[in-house]
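Heads up, the thing below is written out as structure tokens.
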Amino acid sequence: MARLIRKRETLLFLIIVVMIAIFSTRAADFATPDNLAGIFNDTSILIILALAQMTVILTKSIDLSVAANLAFTGMAIAMMNAAYPGLPLVVLILTAIVIGAALGTINGFLVWRLEIPPIVVTLGTLTIYRGMAFVLSGGAWVNAHQMTPTFLAVPRTPILGLPVLSWVAIIIVALMYMLLRYSQFGRSAYATGGNPTAAVYAGIDTGRTKFLAFVLSGALAGLASYLWVSRYAVAYVDIANGFELDSVAACVIGGISIAGGVGSVAGTVLGALFLGVIKNALPVIGISPFTQMAISGTVIILAVAFNARRERNRGRIILRDRAAADTRTEAAA
């Protein structure tokens with residue numbers, strides 16, 4: 001039992017449960033099934049973006065342009081829906097995924113072929129993609145009355161008690177779990193971030209793995225763009241502003257190592273839900289938005305410190321075990 005509690009995911013889950021219990025003492029209906037389902041639905045887009053970010057971080061990279069990708073792609077498909085209302089919804093969704101993947105391909109190419117540091121590349125493309133959204137729209141908004149009813153209704157449609165938006169997030173979680181756990185790409189991503197030198201000797205193309213991670217991140221951002229625009233019924237240049245940092249925060253809180261090669265899908269989802277619970281609870285108990293930002297920042301710093309300490313301890317254990325093995329070898333000799 002103690003070993004189970006020491007697991008990051010179990011501990012984070014228990015913390016979330018305790019938080020919900022505490023917040024429910026201030027707001028009686030906070031812990032009701034309907035409200036918890038609403039929190040999950042509110043956090044669904046962040047979960048998808050955090051999984052996109054996790055894929056890149058596993059390879060020892062980072063994607064600061066993921067929210068800007070969402071903004072440009074969301075603007076593009078919202079304008080398409082307004083200009084061509086007869087286009088089938090499936091075409092618009094596929095277009096969003098393709099555009100997002102194309103923007104991710106740009107990031108991946110610059111990191112892979114030109115060997116530019118990922119943080120520099122994505123910091124630059126963050127600004128470029130936001131600028132592209134402004135140029136595309138001329139700074140104008142696309143509002144609900146310009147979008148078709150089907151375009152807006154699908155993510156809100158309830159199925160078995162949950163909106164489609166929540167079910168999409170659940171499906172993405174399951175697919176990402178299968179991809180990272182059982183596919184060659186998943187093994188390559190962990191190896192590339194964990195020990196790139198050993199990965200190269202094992203025959204893994206680390207540059208290509210990073211490239212594919214950025215493409216996948218872009219594709220998920222593209223899917224999230226449709227979900228965002230349709231759910232909030234508006235598209236403008238600054239949508240999802242700051243979500244690139246939230247996606248990184250969800251990963252860090254969930255135990256994803258910024259150094260790469262360490263982390264799980266379950267941890268990322270719990271990290272996103274942790275932020276979702278905080279963002280939904282703090283306004284209920286009367287905490288100002290500025291204090292909320294300070295609390296979120298403090299949590300991120302504590303999570304990074306916890307991760308760093310855990311990795312140092314793991315290194316000490318490896319060295320200790322190696323020293324013990326050497327001692328046994330000398331004794332046998």
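Residue names in the structure tokens use chain letters A, B, ... in the order shown, residue numbers from 1 in each chain, and ligand numbers from 1 in the order shown.
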Residues flagged alpha helix (DSSP H) by DSSP in stretch 88-270 of chain A, as a compact mmCIF listing (two decimals) with N, CA and C atoms, in the first residue's frame:
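What ended up in part.txt:
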```txt
# COMPACT_ATOMS: atom_id res chain seq x y z
N LEU A 89 -19.27 18.79 -41.84
CA LEU A 89 -18.49 19.00 -40.62
C LEU A 89 -17.22 18.14 -40.61
N VAL A 90 -17.32 16.91 -41.10
CA VAL A 90 -16.15 16.03 -41.09
C VAL A 90 -15.02 16.62 -41.93
N VAL A 91 -15.36 17.33 -43.01
CA VAL A 91 -14.33 17.98 -43.84
C VAL A 91 -13.64 19.08 -43.06
N LEU A 92 -14.41 19.86 -42.31
CA LEU A 92 -13.83 20.94 -41.52
C LEU A 92 -12.91 20.40 -40.42
N ILE A 93 -13.34 19.32 -39.77
CA ILE A 93 -12.52 18.74 -38.70
C ILE A 93 -11.23 18.18 -39.27
N LEU A 94 -11.32 17.45 -40.39
CA LEU A 94 -10.11 16.91 -41.01
C LEU A 94 -9.19 18.04 -41.48
N THR A 95 -9.79 19.12 -41.99
CA THR A 95 -8.98 20.28 -42.40
C THR A 95 -8.24 20.88 -41.21
N ALA A 96 -8.92 20.97 -40.08
CA ALA A 96 -8.29 21.50 -38.87
C ALA A 96 -7.10 20.63 -38.45
N ILE A 97 -7.28 19.32 -38.50
CA ILE A 97 -6.19 18.41 -38.11
C ILE A 97 -5.02 18.53 -39.07
N VAL A 98 -5.32 18.65 -40.37
CA VAL A 98 -4.26 18.75 -41.39
C VAL A 98 -3.50 20.07 -41.23
N ILE A 99 -4.23 21.19 -41.04
CA ILE A 99 -3.56 22.48 -40.86
C ILE A 99 -2.68 22.46 -39.61
N GLY A 100 -3.23 21.92 -38.52
CA GLY A 100 -2.46 21.83 -37.29
C GLY A 100 -1.21 20.98 -37.47
N ALA A 101 -1.36 19.85 -38.16
CA ALA A 101 -0.20 18.98 -38.41
C ALA A 101 0.83 19.68 -39.29
N ALA A 102 0.36 20.48 -40.25
CA ALA A 102 1.29 21.21 -41.13
C ALA A 102 2.11 22.23 -40.33
N LEU A 103 1.45 22.93 -39.40
CA LEU A 103 2.19 23.87 -38.56
C LEU A 103 3.17 23.14 -37.64
N GLY A 104 2.76 21.98 -37.15
CA GLY A 104 3.67 21.17 -36.35
C GLY A 104 4.83 20.66 -37.17
N THR A 105 4.59 20.37 -38.45
CA THR A 105 5.65 19.92 -39.35
C THR A 105 6.73 21.00 -39.51
N ILE A 106 6.30 22.25 -39.59
CA ILE A 106 7.27 23.36 -39.68
C ILE A 106 8.18 23.37 -38.46
N ASN A 107 7.57 23.25 -37.27
CA ASN A 107 8.37 23.20 -36.04
C ASN A 107 9.35 22.02 -36.08
N GLY A 108 8.82 20.85 -36.43
CA GLY A 108 9.63 19.65 -36.43
C GLY A 108 10.77 19.71 -37.42
N PHE A 109 10.51 20.29 -38.60
CA PHE A 109 11.56 20.40 -39.62
C PHE A 109 12.69 21.31 -39.14
N LEU A 110 12.33 22.44 -38.54
CA LEU A 110 13.34 23.38 -38.06
C LEU A 110 14.20 22.77 -36.95
N VAL A 111 13.55 21.98 -36.09
CA VAL A 111 14.29 21.33 -35.01
C VAL A 111 15.14 20.18 -35.53
N TRP A 112 14.59 19.40 -36.47
CA TRP A 112 15.26 18.19 -36.96
C TRP A 112 16.37 18.53 -37.95
N PRO A 118 14.54 23.65 -29.76
CA PRO A 118 13.06 23.68 -29.81
C PRO A 118 12.44 24.90 -29.16
N ILE A 119 13.00 25.36 -28.05
CA ILE A 119 12.41 26.50 -27.36
C ILE A 119 12.53 27.77 -28.22
N VAL A 120 13.60 27.89 -28.99
CA VAL A 120 13.78 29.04 -29.88
C VAL A 120 12.81 28.95 -31.05
N VAL A 121 12.73 27.76 -31.65
CA VAL A 121 11.83 27.55 -32.79
C VAL A 121 10.39 27.86 -32.41
N THR A 122 9.91 27.25 -31.34
CA THR A 122 8.49 27.37 -31.01
C THR A 122 8.15 28.73 -30.40
N LEU A 123 9.13 29.39 -29.78
CA LEU A 123 8.89 30.77 -29.33
C LEU A 123 8.70 31.68 -30.54
N GLY A 124 9.47 31.42 -31.60
CA GLY A 124 9.31 32.19 -32.83
C GLY A 124 8.01 31.89 -33.55
N THR A 125 7.69 30.61 -33.69
CA THR A 125 6.45 30.25 -34.41
C THR A 125 5.21 30.61 -33.59
N LEU A 126 5.33 30.69 -32.27
CA LEU A 126 4.21 31.18 -31.46
C LEU A 126 3.77 32.55 -31.96
N THR A 127 4.73 33.44 -32.13
CA THR A 127 4.43 34.79 -32.60
C THR A 127 3.97 34.78 -34.06
N ILE A 128 4.62 33.95 -34.86
CA ILE A 128 4.27 33.89 -36.29
C ILE A 128 2.84 33.40 -36.47
N TYR A 129 2.47 32.32 -35.77
CA TYR A 129 1.13 31.75 -35.96
C TYR A 129 0.04 32.70 -35.46
N ARG A 130 0.32 33.41 -34.35
CA ARG A 130 -0.65 34.41 -33.89
C ARG A 130 -0.78 35.53 -34.92
N GLY A 131 0.37 35.93 -35.49
CA GLY A 131 0.34 36.97 -36.52
C GLY A 131 -0.40 36.51 -37.76
N MET A 132 -0.22 35.23 -38.12
CA MET A 132 -0.93 34.68 -39.28
C MET A 132 -2.44 34.70 -39.05
N ALA A 133 -2.86 34.42 -37.81
CA ALA A 133 -4.29 34.47 -37.50
C ALA A 133 -4.84 35.88 -37.66
N PHE A 134 -4.04 36.87 -37.27
CA PHE A 134 -4.47 38.27 -37.43
C PHE A 134 -4.56 38.64 -38.90
N VAL A 135 -3.54 38.26 -39.67
CA VAL A 135 -3.54 38.57 -41.11
C VAL A 135 -4.71 37.89 -41.81
N LEU A 136 -4.95 36.63 -41.46
CA LEU A 136 -6.04 35.88 -42.10
C LEU A 136 -7.40 36.52 -41.84
N SER A 137 -7.61 36.98 -40.62
CA SER A 137 -8.92 37.49 -40.24
C SER A 137 -9.02 39.01 -40.35
N PRO A 149 -25.39 25.88 -37.28
CA PRO A 149 -25.83 25.20 -36.05
C PRO A 149 -25.13 23.86 -35.82
N THR A 150 -24.90 23.10 -36.88
CA THR A 150 -24.23 21.79 -36.72
C THR A 150 -22.81 21.97 -36.22
N PHE A 151 -22.10 22.96 -36.78
CA PHE A 151 -20.73 23.25 -36.38
C PHE A 151 -20.65 23.53 -34.88
N LEU A 152 -21.65 24.23 -34.35
CA LEU A 152 -21.64 24.62 -32.95
C LEU A 152 -22.19 23.53 -32.03
N ALA A 153 -23.11 22.71 -32.54
CA ALA A 153 -23.87 21.82 -31.66
C ALA A 153 -23.14 20.54 -31.29
N VAL A 164 -20.16 15.42 -26.15
CA VAL A 164 -19.23 14.84 -27.12
C VAL A 164 -17.80 15.33 -26.86
N LEU A 165 -17.66 16.58 -26.44
CA LEU A 165 -16.34 17.12 -26.13
C LEU A 165 -15.60 16.25 -25.12
N SER A 166 -16.29 15.84 -24.07
CA SER A 166 -15.67 14.98 -23.06
C SER A 166 -15.31 13.62 -23.63
N TRP A 167 -16.19 13.07 -24.47
CA TRP A 167 -15.91 11.76 -25.06
C TRP A 167 -14.71 11.83 -26.01
N VAL A 168 -14.59 12.94 -26.73
CA VAL A 168 -13.42 13.09 -27.61
C VAL A 168 -12.14 13.08 -26.78
N ALA A 169 -12.15 13.79 -25.65
CA ALA A 169 -10.97 13.81 -24.77
C ALA A 169 -10.65 12.41 -24.26
N ILE A 170 -11.68 11.66 -23.88
CA ILE A 170 -11.48 10.30 -23.37
C ILE A 170 -10.87 9.41 -24.46
N ILE A 171 -11.38 9.54 -25.68
CA ILE A 171 -10.86 8.74 -26.79
C ILE A 171 -9.40 9.10 -27.08
N ILE A 172 -9.08 10.39 -27.07
CA ILE A 172 -7.69 10.82 -27.30
C ILE A 172 -6.77 10.28 -26.22
N VAL A 173 -7.23 10.30 -24.97
CA VAL A 173 -6.43 9.74 -23.87
C VAL A 173 -6.13 8.27 -24.12
N ALA A 174 -7.16 7.51 -24.50
CA ALA A 174 -6.97 6.08 -24.76
C ALA A 174 -6.02 5.84 -25.92
N LEU A 175 -6.18 6.61 -27.00
CA LEU A 175 -5.31 6.43 -28.17
C LEU A 175 -3.87 6.80 -27.86
N MET A 176 -3.67 7.87 -27.10
CA MET A 176 -2.31 8.28 -26.75
C MET A 176 -1.65 7.27 -25.82
N TYR A 177 -2.44 6.69 -24.93
CA TYR A 177 -1.90 5.64 -24.05
C TYR A 177 -1.41 4.46 -24.87
N MET A 178 -2.23 4.02 -25.83
CA MET A 178 -1.85 2.89 -26.67
C MET A 178 -0.63 3.24 -27.53
N LEU A 179 -0.62 4.45 -28.07
CA LEU A 179 0.48 4.87 -28.95
C LEU A 179 1.81 4.90 -28.21
N LEU A 180 1.81 5.54 -27.04
CA LEU A 180 3.07 5.71 -26.32
C LEU A 180 3.53 4.44 -25.60
N ARG A 181 2.61 3.58 -25.28
CA ARG A 181 2.98 2.37 -24.53
C ARG A 181 3.35 1.21 -25.44
N TYR A 182 2.66 1.08 -26.57
CA TYR A 182 2.80 -0.14 -27.36
C TYR A 182 3.39 0.05 -28.75
N GLN A 184 6.11 1.54 -31.76
CA GLN A 184 7.55 1.82 -31.92
C GLN A 184 7.83 3.30 -31.70
N PHE A 185 6.93 4.16 -32.16
CA PHE A 185 7.13 5.59 -31.94
C PHE A 185 7.18 5.92 -30.45
N GLY A 186 6.28 5.32 -29.67
CA GLY A 186 6.27 5.58 -28.23
C GLY A 186 7.58 5.17 -27.58
N ARG A 187 8.07 3.99 -27.92
CA ARG A 187 9.35 3.53 -27.35
C ARG A 187 10.49 4.44 -27.79
N SER A 188 10.44 4.88 -29.04
CA SER A 188 11.49 5.78 -29.54
C SER A 188 11.45 7.13 -28.83
N ALA A 189 10.24 7.63 -28.55
CA ALA A 189 10.11 8.92 -27.88
C ALA A 189 10.72 8.87 -26.48
N TYR A 190 10.40 7.82 -25.73
CA TYR A 190 10.97 7.69 -24.38
C TYR A 190 12.49 7.53 -24.44
N ALA A 191 12.96 6.75 -25.40
CA ALA A 191 14.40 6.53 -25.52
C ALA A 191 15.12 7.80 -25.94
N THR A 192 14.52 8.55 -26.86
CA THR A 192 15.14 9.79 -27.35
C THR A 192 15.32 10.80 -26.23
N GLY A 193 14.32 10.93 -25.37
CA GLY A 193 14.42 11.88 -24.27
C GLY A 193 15.21 11.34 -23.10
N GLY A 194 15.12 10.04 -22.86
CA GLY A 194 15.78 9.46 -21.69
C GLY A 194 17.28 9.35 -21.84
N PRO A 196 19.52 9.95 -25.33
CA PRO A 196 19.64 10.06 -26.78
C PRO A 196 20.85 9.35 -27.36
N THR A 197 21.96 9.31 -26.62
CA THR A 197 23.16 8.64 -27.12
C THR A 197 22.92 7.14 -27.24
N ALA A 198 22.33 6.55 -26.20
CA ALA A 198 22.02 5.13 -26.24
C ALA A 198 20.97 4.84 -27.32
N ALA A 199 20.02 5.78 -27.50
CA ALA A 199 18.99 5.59 -28.53
C ALA A 199 19.61 5.52 -29.92
N VAL A 200 20.60 6.38 -30.18
CA VAL A 200 21.28 6.36 -31.47
C VAL A 200 21.99 5.03 -31.68
N TYR A 201 22.68 4.55 -30.65
CA TYR A 201 23.37 3.27 -30.76
C TYR A 201 22.38 2.11 -30.95
N THR A 206 16.78 9.77 -33.67
CA THR A 206 16.24 10.70 -32.67
C THR A 206 15.68 11.98 -33.31
N GLY A 207 16.33 12.45 -34.37
CA GLY A 207 15.82 13.65 -35.05
C GLY A 207 14.46 13.41 -35.66
N ARG A 208 14.30 12.27 -36.31
CA ARG A 208 13.00 11.93 -36.93
C ARG A 208 11.94 11.73 -35.85
N THR A 209 12.31 11.16 -34.72
CA THR A 209 11.35 10.96 -33.62
C THR A 209 10.85 12.31 -33.11
N LYS A 210 11.76 13.28 -32.93
CA LYS A 210 11.34 14.62 -32.51
C LYS A 210 10.42 15.26 -33.55
N PHE A 211 10.77 15.07 -34.82
CA PHE A 211 9.95 15.61 -35.91
C PHE A 211 8.53 15.06 -35.83
N LEU A 212 8.39 13.74 -35.68
CA LEU A 212 7.07 13.12 -35.61
C LEU A 212 6.31 13.59 -34.37
N ALA A 213 7.03 13.81 -33.26
CA ALA A 213 6.38 14.30 -32.05
C ALA A 213 5.76 15.69 -32.29
N PHE A 214 6.47 16.56 -32.99
CA PHE A 214 5.94 17.89 -33.30
C PHE A 214 4.74 17.80 -34.25
N VAL A 215 4.80 16.89 -35.21
CA VAL A 215 3.68 16.72 -36.13
C VAL A 215 2.44 16.26 -35.37
N LEU A 216 2.63 15.28 -34.47
CA LEU A 216 1.51 14.78 -33.67
C LEU A 216 0.96 15.88 -32.77
N SER A 217 1.86 16.65 -32.17
CA SER A 217 1.43 17.77 -31.32
C SER A 217 0.59 18.76 -32.12
N GLY A 218 1.02 19.07 -33.33
CA GLY A 218 0.27 19.99 -34.18
C GLY A 218 -1.08 19.45 -34.56
N ALA A 219 -1.15 18.15 -34.87
CA ALA A 219 -2.43 17.54 -35.24
C ALA A 219 -3.42 17.60 -34.09
N LEU A 220 -2.96 17.33 -32.87
CA LEU A 220 -3.85 17.40 -31.71
C LEU A 220 -4.28 18.84 -31.45
N ALA A 221 -3.38 19.80 -31.67
CA ALA A 221 -3.76 21.21 -31.53
C ALA A 221 -4.82 21.58 -32.56
N GLY A 222 -4.69 21.03 -33.77
CA GLY A 222 -5.69 21.28 -34.80
C GLY A 222 -7.06 20.74 -34.41
N LEU A 223 -7.09 19.53 -33.87
CA LEU A 223 -8.37 18.97 -33.40
C LEU A 223 -8.94 19.83 -32.27
N ALA A 224 -8.07 20.24 -31.36
CA ALA A 224 -8.53 21.07 -30.24
C ALA A 224 -9.06 22.42 -30.72
N SER A 225 -8.57 22.89 -31.87
CA SER A 225 -9.03 24.19 -32.38
C SER A 225 -10.51 24.15 -32.73
N TYR A 226 -10.94 23.07 -33.37
CA TYR A 226 -12.37 22.96 -33.68
C TYR A 226 -13.19 22.87 -32.40
N LEU A 227 -12.73 22.06 -31.45
CA LEU A 227 -13.47 21.89 -30.20
C LEU A 227 -13.59 23.21 -29.45
N TRP A 228 -12.52 24.00 -29.46
CA TRP A 228 -12.54 25.30 -28.77
C TRP A 228 -13.51 26.26 -29.44
N VAL A 229 -13.36 26.43 -30.75
CA VAL A 229 -14.17 27.42 -31.48
C VAL A 229 -15.65 27.06 -31.41
N SER A 230 -15.96 25.78 -31.56
CA SER A 230 -17.37 25.38 -31.55
C SER A 230 -17.95 25.45 -30.14
N ARG A 231 -17.16 25.12 -29.14
CA ARG A 231 -17.69 25.15 -27.77
C ARG A 231 -17.96 26.57 -27.30
N TYR A 232 -17.03 27.49 -27.58
CA TYR A 232 -17.19 28.87 -27.12
C TYR A 232 -17.85 29.76 -28.16
N PHE A 243 -2.47 29.20 -22.96
CA PHE A 243 -2.69 27.76 -22.81
C PHE A 243 -1.42 26.96 -23.07
N GLU A 244 -0.45 27.56 -23.79
CA GLU A 244 0.82 26.85 -23.97
C GLU A 244 1.50 26.64 -22.62
N LEU A 245 1.36 27.62 -21.72
CA LEU A 245 1.95 27.49 -20.39
C LEU A 245 1.13 26.53 -19.53
N ASP A 246 -0.19 26.56 -19.68
CA ASP A 246 -1.03 25.62 -18.94
C ASP A 246 -0.73 24.18 -19.35
N SER A 247 -0.48 23.98 -20.64
CA SER A 247 -0.19 22.61 -21.09
C SER A 247 1.13 22.12 -20.51
N VAL A 248 2.13 23.01 -20.44
CA VAL A 248 3.41 22.64 -19.81
C VAL A 248 3.20 22.39 -18.33
N ALA A 249 2.40 23.24 -17.69
CA ALA A 249 2.15 23.08 -16.25
C ALA A 249 1.47 21.75 -15.96
N ALA A 250 0.49 21.38 -16.78
CA ALA A 250 -0.19 20.09 -16.57
C ALA A 250 0.79 18.94 -16.67
N CYS A 251 1.71 19.02 -17.62
CA CYS A 251 2.72 17.96 -17.77
C CYS A 251 3.64 17.91 -16.55
N VAL A 252 4.12 19.06 -16.12
CA VAL A 252 5.06 19.10 -14.99
C VAL A 252 4.39 18.60 -13.72
N ILE A 253 3.16 19.07 -13.46
CA ILE A 253 2.44 18.63 -12.27
C ILE A 253 2.17 17.12 -12.34
N VAL A 265 0.81 9.00 -19.54
CA VAL A 265 -0.43 9.64 -19.98
C VAL A 265 -1.34 9.90 -18.77
N ALA A 266 -1.41 8.94 -17.86
CA ALA A 266 -2.25 9.11 -16.67
C ALA A 266 -1.81 10.32 -15.86
N GLY A 267 -0.50 10.48 -15.69
CA GLY A 267 0.00 11.64 -14.94
C GLY A 267 -0.36 12.95 -15.61
N THR A 268 -0.25 13.00 -16.93
CA THR A 268 -0.59 14.23 -17.67
C THR A 268 -2.06 14.57 -17.51
N VAL A 269 -2.92 13.57 -17.63
CA VAL A 269 -4.37 13.80 -17.47
C VAL A 269 -4.67 14.30 -16.07
N LEU A 270 -4.07 13.68 -15.06
CA LEU A 270 -4.30 14.11 -13.68
C LEU A 270 -3.75 15.52 -13.44
```
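Within stretch 94-247 of chain A, the backbone-based DSSP assignment of strand (DSSP E or B) covers Val142, Asn143, Pro158, Ile159, Leu162, Pro163, Val234 and Ala235 of chain A.
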Export, as an mmCIF file, in the first residue's frame, the selected residues with all heavy atoms.
```cif
data_model
loop_
_atom_site.group_PDB
_atom_site.id
_atom_site.type_symbol
_atom_site.label_atom_id
_atom_site.label_comp_id
_atom_site.auth_asym_id
_atom_site.auth_seq_id
_atom_site.Cartn_x
_atom_site.Cartn_y
_atom_site.Cartn_z
ATOM 1 N N VAL A 142 -14.986 35.985 -35.645
ATOM 2 C CA VAL A 142 -16.047 35.174 -36.245
ATOM 3 C C VAL A 142 -16.968 34.769 -35.105
ATOM 4 O O VAL A 142 -16.545 34.057 -34.182
ATOM 5 C CB VAL A 142 -15.486 33.915 -36.952
ATOM 6 C CG1 VAL A 142 -16.628 33.116 -37.578
ATOM 7 C CG2 VAL A 142 -14.468 34.306 -38.006
ATOM 8 N N ASN A 143 -18.212 35.235 -35.141
ATOM 9 C CA ASN A 143 -19.138 35.046 -34.027
ATOM 10 C C ASN A 143 -20.122 33.917 -34.291
ATOM 11 O O ASN A 143 -20.181 33.358 -35.392
ATOM 12 C CB ASN A 143 -19.891 36.352 -33.759
ATOM 13 C CG ASN A 143 -18.959 37.457 -33.289
ATOM 14 O OD1 ASN A 143 -18.218 37.282 -32.333
ATOM 15 N ND2 ASN A 143 -18.982 38.588 -33.991
ATOM 16 N N PRO A 158 -25.061 15.713 -25.803
ATOM 17 C CA PRO A 158 -24.796 14.731 -24.738
ATOM 18 C C PRO A 158 -24.939 13.285 -25.239
ATOM 19 O O PRO A 158 -25.852 12.963 -25.993
ATOM 20 C CB PRO A 158 -25.863 15.062 -23.690
ATOM 21 C CG PRO A 158 -26.980 15.685 -24.462
ATOM 22 C CD PRO A 158 -26.375 16.384 -25.640
ATOM 23 N N ILE A 159 -24.016 12.437 -24.813
ATOM 24 C CA ILE A 159 -24.077 10.996 -25.075
ATOM 25 C C ILE A 159 -23.757 10.279 -23.771
ATOM 26 O O ILE A 159 -22.676 10.480 -23.199
ATOM 27 C CB ILE A 159 -23.077 10.567 -26.173
ATOM 28 C CG1 ILE A 159 -23.396 11.257 -27.500
ATOM 29 C CG2 ILE A 159 -23.082 9.056 -26.348
ATOM 30 C CD1 ILE A 159 -22.411 10.932 -28.608
ATOM 31 N N LEU A 162 -22.546 12.540 -20.907
ATOM 32 C CA LEU A 162 -21.405 13.429 -21.111
ATOM 33 C C LEU A 162 -21.479 14.062 -22.490
ATOM 34 O O LEU A 162 -21.890 13.401 -23.447
ATOM 35 C CB LEU A 162 -20.082 12.660 -20.979
ATOM 36 C CG LEU A 162 -19.641 12.218 -19.586
ATOM 37 C CD1 LEU A 162 -18.360 11.387 -19.687
ATOM 38 C CD2 LEU A 162 -19.426 13.416 -18.670
ATOM 39 N N PRO A 163 -21.053 15.329 -22.624
ATOM 40 C CA PRO A 163 -21.017 15.945 -23.955
ATOM 41 C C PRO A 163 -19.987 15.265 -24.858
ATOM 42 O O PRO A 163 -19.034 14.627 -24.368
ATOM 43 C CB PRO A 163 -20.615 17.399 -23.664
ATOM 44 C CG PRO A 163 -20.863 17.602 -22.219
ATOM 45 C CD PRO A 163 -20.675 16.279 -21.564
ATOM 46 N N VAL A 234 -16.949 31.281 -30.848
ATOM 47 C CA VAL A 234 -16.275 32.500 -31.272
ATOM 48 C C VAL A 234 -14.843 32.153 -31.678
ATOM 49 O O VAL A 234 -14.248 31.212 -31.148
ATOM 50 C CB VAL A 234 -16.267 33.558 -30.133
ATOM 51 C CG1 VAL A 234 -15.431 33.088 -28.950
ATOM 52 C CG2 VAL A 234 -15.788 34.907 -30.630
ATOM 53 N N ALA A 235 -14.338 32.884 -32.653
ATOM 54 C CA ALA A 235 -12.939 32.744 -33.049
ATOM 55 C C ALA A 235 -12.339 34.138 -33.152
ATOM 56 O O ALA A 235 -12.912 35.020 -33.789
ATOM 57 C CB ALA A 235 -12.825 32.021 -34.391
#
```
- Message: Neighbouring residues of A:Ala82 were defined as those with any atom within 9 Å, considering only C-alpha atoms; residues of the same chain fewer than 5 positions away were excluded. Please report them as a list in words.
- Response: Ile77, Val142, His145, Gln146, Met147 and Thr148 of chain A
Could the residues in this selection be written to a file with all heavy atoms, as a tab-separated table (two decimals), in the first residue's frame?
```tsv
chain	number	residue	atom	x	y	z
A	77	ILE	N	-10.74	27.49	-39.74
A	77	ILE	CA	-11.92	26.65	-39.99
A	77	ILE	C	-13.21	27.40	-39.65
A	77	ILE	O	-14.27	27.14	-40.25
A	77	ILE	CB	-11.84	25.32	-39.22
A	77	ILE	CG1	-11.79	25.56	-37.71
A	77	ILE	CG2	-10.68	24.49	-39.70
A	77	ILE	CD1	-12.05	24.28	-36.93
A	142	VAL	N	-14.99	35.99	-35.65
A	142	VAL	CA	-16.05	35.17	-36.25
A	142	VAL	C	-16.97	34.77	-35.11
A	142	VAL	O	-16.55	34.06	-34.18
A	142	VAL	CB	-15.49	33.91	-36.95
A	142	VAL	CG1	-16.63	33.12	-37.58
A	142	VAL	CG2	-14.47	34.31	-38.01
A	145	HIS	N	-23.33	33.75	-34.75
A	145	HIS	CA	-24.34	33.89	-35.79
A	145	HIS	C	-23.78	33.65	-37.20
A	145	HIS	O	-24.54	33.47	-38.15
A	145	HIS	CB	-25.00	35.28	-35.73
A	145	HIS	CG	-24.08	36.40	-36.09
A	145	HIS	ND1	-23.24	37.02	-35.18
A	145	HIS	CD2	-23.85	37.02	-37.30
A	145	HIS	CE1	-22.56	37.96	-35.79
A	145	HIS	NE2	-22.90	38.00	-37.07
A	146	GLN	N	-22.44	33.65	-37.32
A	146	GLN	CA	-21.81	33.38	-38.61
A	146	GLN	C	-21.53	31.90	-38.83
A	146	GLN	O	-21.17	31.51	-39.93
A	146	GLN	CB	-20.51	34.19	-38.73
A	146	GLN	CG	-20.68	35.70	-38.67
A	146	GLN	CD	-19.36	36.42	-38.56
A	146	GLN	OE1	-18.86	36.70	-37.47
A	146	GLN	NE2	-18.76	36.72	-39.71
A	147	MET	N	-21.62	31.11	-37.77
A	147	MET	CA	-21.32	29.69	-37.85
A	147	MET	C	-22.62	28.89	-37.98
A	147	MET	O	-23.68	29.33	-37.54
A	147	MET	CB	-20.55	29.23	-36.61
A	147	MET	CG	-19.28	30.02	-36.34
A	147	MET	SD	-18.45	29.47	-34.81
A	147	MET	CE	-17.26	30.79	-34.56
A	148	THR	N	-22.52	27.72	-38.56
A	148	THR	CA	-23.71	26.89	-38.77
A	148	THR	C	-24.10	26.20	-37.46
A	148	THR	O	-23.25	25.92	-36.61
A	148	THR	CB	-23.46	25.83	-39.84
A	148	THR	OG1	-22.40	24.96	-39.41
A	148	THR	CG2	-23.08	26.47	-41.17
```
- Task: Choose the residue, out of A:Ile39, A:Val237, A:Ile57, A:Ile48, that has the smallest atom-to-atom separation from A:Ala78; count only C-alpha atoms.
- Result: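 Going through A:Ile39, A:Val237, A:Ile57, A:Ile48 one by one, the smallest distance to A:Ala78 is for A:Val237.
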- Item | Straight-line distance linking atom CA of A:Ala272 with atom CA of A:Ile47, stated in Å to one decimal | 5.6 Å
- Task: Write out as a PyMOL selection string each polymer residue whose atoms come within 12 Å of stretch 14-29 of chain A, counting only C-alpha atoms; drop sequence neighbours fewer than 3 positions from it.
- Result: chain A and resi 4-11+32-36+38-39+253-254+269-286
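We find atom CA of A:Ala202 and atom CA of A:Val262 to be spaced 18.5 Å apart.
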- Task: Calculate how many Å separate atom CA of A:Asn69 from atom CA of A:Asn195, rounding to one decimal.
- Result: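 Atom-to-atom, atom CA of A:Asn69 to atom CA of A:Asn195, that is 29.3 Å.
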